[in-house]
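Structure first, commentary second.
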Amino acid sequence: MHRRRPVVRHAHVGAPHVLSSLLEGRGLLEMALLPASLPLLMEAPHGDGHPVLLVPGFMASETSLIGLKLMLQNKGYDVHTWGLGRNMGFRSKHANALPQKIRHLHYTTGKKVSLVGWSLGGVFSMYGAQNSLDCVRSIITLGSPVSVDAAGSQSPTAVKALYRLVSHRLGAGAHVMQPKVKVMRERRRLAIPTSCLYSVTDGVVPPQEATIDGDPALHENIQVPGSHIGLGFNGIVLSIVADRLAQPENQWKPFAAKGLLARVLSATGAAPQHASATTT
């Protein structure tokens, strides 16, 4: 009898490689190269028009989501952004407003909502889904710190210092250890299709924090090439997001690259997903 092995987090330990952090500026090159990804994006499947809610990363506004928004609108989705302004950290007023936004979209459209969160936006997405389970169809995170261990974040010192300066003097730990968020991190993964996209050369969020342990029937980790700040403009990432969202509701299957996307991933050396092997 064959069955898939459990989904497991990336084995990396510690902070991102120093060189990866120093080269985060390459994200600007990824943005500049987005037009070259047009053949890849044209091949990506169209969707069924269900609502998709985009959540920005730390210190980012809805403007940062323009690449994702335009691509998904072109693929036929009803795309929305969170409408809460710039993401200044995991704050209660925003965390509590997000489930209300999800429920509102579900009520007005009559369809379940898919969530796409970039960086800290992925943590918000997980929290929002936990508090509006009946309204959520799927979750996609892009370089999001969804699996921070008890020892705390392993992001670079400069990133943690910025969080303390902008959001809370005690750092991200003061927010992620709030009772509601702590429950989210310690409980079993949500029974909602969840795809965590991550890069081993992410200079902000190390791969072990951007991946999850889970059930292969519902959860997956997908490795992509690129920087952290370029994820939302990375043609490979956009193509995978379109692929994941296009799956029929209640018929979710693990990612399997096809066509041009498969050739591009093979050429970059990125692993399509974690733990796709079977055991007897």
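Chain labels A, B, ... are given in the sequence in which chains occur in the structure tokens; within each chain residues are numbered consecutively from 1, and ligands are likewise numbered from 1 in the order shown.
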Stretch 198-220 of chain A near stretch 117-138 of chain A within 10 Å: what's each residue's closest atom pair and its distance in Å to one decimal, counting only C-alpha atoms, ordered by chain then ascending residue number, as a Markdown table?
| residue | atom | partner | partner_atom | distance |
| --- | --- | --- | --- | --- |
| A:Tyr198 | CA | A:Ser119 | CA | 9.9 |
| A:Val204 | CA | A:Ser119 | CA | 9.1 |
| A:Val205 | CA | A:Ser119 | CA | 7.9 |
| A:Ala210 | CA | A:Ser119 | CA | 8.6 |
| A:Leu218 | CA | A:Ser138 | CA | 9.5 |
Output file for the selection above: all heavy atoms, as a compact mmCIF listing (two decimals), in the first residue's frame:
# COMPACT_ATOMS: atom_id res chain seq x y z
N TYR A 198 8.71 29.02 -0.62
CA TYR A 198 9.89 29.50 0.08
C TYR A 198 11.11 29.42 -0.83
O TYR A 198 11.12 28.70 -1.82
CB TYR A 198 10.14 28.67 1.34
CG TYR A 198 10.65 27.27 1.06
CD1 TYR A 198 12.00 26.96 1.19
CD2 TYR A 198 9.79 26.26 0.62
CE1 TYR A 198 12.49 25.69 0.91
CE2 TYR A 198 10.26 24.98 0.34
CZ TYR A 198 11.61 24.71 0.49
OH TYR A 198 12.10 23.46 0.20
N VAL A 204 15.76 37.11 4.30
CA VAL A 204 15.00 37.68 5.41
C VAL A 204 14.40 36.61 6.31
O VAL A 204 14.57 36.62 7.53
CB VAL A 204 13.89 38.61 4.88
CG1 VAL A 204 13.04 39.15 6.03
CG2 VAL A 204 14.50 39.76 4.09
N VAL A 205 13.68 35.66 5.71
CA VAL A 205 13.05 34.58 6.47
C VAL A 205 13.71 33.25 6.10
O VAL A 205 13.65 32.84 4.93
CB VAL A 205 11.53 34.50 6.17
CG1 VAL A 205 10.88 33.33 6.92
CG2 VAL A 205 10.85 35.82 6.56
N ALA A 210 9.78 29.34 6.95
CA ALA A 210 8.82 29.59 5.86
C ALA A 210 8.14 28.32 5.39
O ALA A 210 7.37 28.35 4.43
CB ALA A 210 9.53 30.27 4.70
N LEU A 218 -3.24 17.88 2.34
CA LEU A 218 -3.72 19.25 2.45
C LEU A 218 -2.61 20.30 2.43
O LEU A 218 -2.88 21.47 2.13
CB LEU A 218 -4.53 19.43 3.74
CG LEU A 218 -5.92 18.81 3.80
CD1 LEU A 218 -6.47 18.90 5.23
CD2 LEU A 218 -6.86 19.50 2.83
Inset, instruction - Would you list the contacts of A:Leu70 as a PyMOL selection string, taking every protein, DNA or RNA residue within 12 Å and counting only C-alpha atoms, but skipping same-chain residues closer than 2 positions in sequence? - result: chain A and resi 41+54+63-68+72-81+232-233+238+242
For A:Pro45, which residue out of A:Leu162, A:Leu265, A:Ala246, A:Leu84 is the nearest one, using only C-alpha atoms?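 Between A:Leu162, A:Leu265, A:Ala246, A:Leu84, the residue approaching A:Pro45 most closely is A:Ala246.
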Which residues are near A:Pro254? Cut-off 8 Å, only C-alpha atoms, ignore same chain within fewer than 6 positions. Put them as a PDB file with N, CA, C and O atoms, in the first residue's frame.
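Heads up, here's the output in out_30.pdb:
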ATOM      1  N   PRO A 216       0.135  15.615   3.871  1.00  0.00           N
ATOM      2  CA  PRO A 216       0.348  15.766   2.423  1.00  0.00           C
ATOM      3  C   PRO A 216      -0.939  15.821   1.609  1.00  0.00           C
ATOM      4  O   PRO A 216      -0.906  16.183   0.435  1.00  0.00           O
ATOM      5  N   ALA A 217      -2.056  15.479   2.235  1.00  0.00           N
ATOM      6  CA  ALA A 217      -3.332  15.582   1.525  1.00  0.00           C
ATOM      7  C   ALA A 217      -3.863  17.013   1.520  1.00  0.00           C
ATOM      8  O   ALA A 217      -4.799  17.328   0.787  1.00  0.00           O
ATOM      9  N   LEU A 218      -3.237  17.875   2.341  1.00  0.00           N
ATOM     10  CA  LEU A 218      -3.724  19.249   2.449  1.00  0.00           C
ATOM     11  C   LEU A 218      -2.615  20.300   2.431  1.00  0.00           C
ATOM     12  O   LEU A 218      -2.876  21.466   2.127  1.00  0.00           O
ATOM     13  N   HIS A 219      -1.398  19.912   2.788  1.00  0.00           N
ATOM     14  CA  HIS A 219      -0.335  20.891   2.987  1.00  0.00           C
ATOM     15  C   HIS A 219       0.882  20.570   2.136  1.00  0.00           C
ATOM     16  O   HIS A 219       1.170  19.409   1.875  1.00  0.00           O
ATOM     17  N   GLU A 220       1.606  21.623   1.757  1.00  0.00           N
ATOM     18  CA  GLU A 220       2.804  21.414   0.947  1.00  0.00           C
ATOM     19  C   GLU A 220       3.760  22.595   1.098  1.00  0.00           C
ATOM     20  O   GLU A 220       3.354  23.709   1.446  1.00  0.00           O
TER      21      GLU A 220
END
- Message: So that I can check the surroundings of A:Val200, please list as a PyMOL selection string every protein, DNA and RNA residue that reaches within 10 Å of it, counting only C-alpha atoms and ignoring chain neighbours fewer than 3 positions away.
- Response: chain A and resi 10+12+16-17+20+143+203+205-208+210+223-228+270
Work out how far atom CA of A:Gly57 is from atom CA of A:Val166, in Å to one decimal.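 Rounded to one decimal, the two atoms are 13.6 Å apart.
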Exercise for review: For atom CA of A:Ala32 and atom CA of A:Tyr163, quote the distance in Å rounded to one decimal.
Suggested key: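 Between atom CA of A:Ala32 and atom CA of A:Tyr163 the gap is 27.9 Å.
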Env of A:Leu38: 8 Å cut, atoms = only C-alpha atoms, seq-sep filter 4 positions within chain, self excluded. Answer as a VMD selection string. chain A and resid 34 42 235
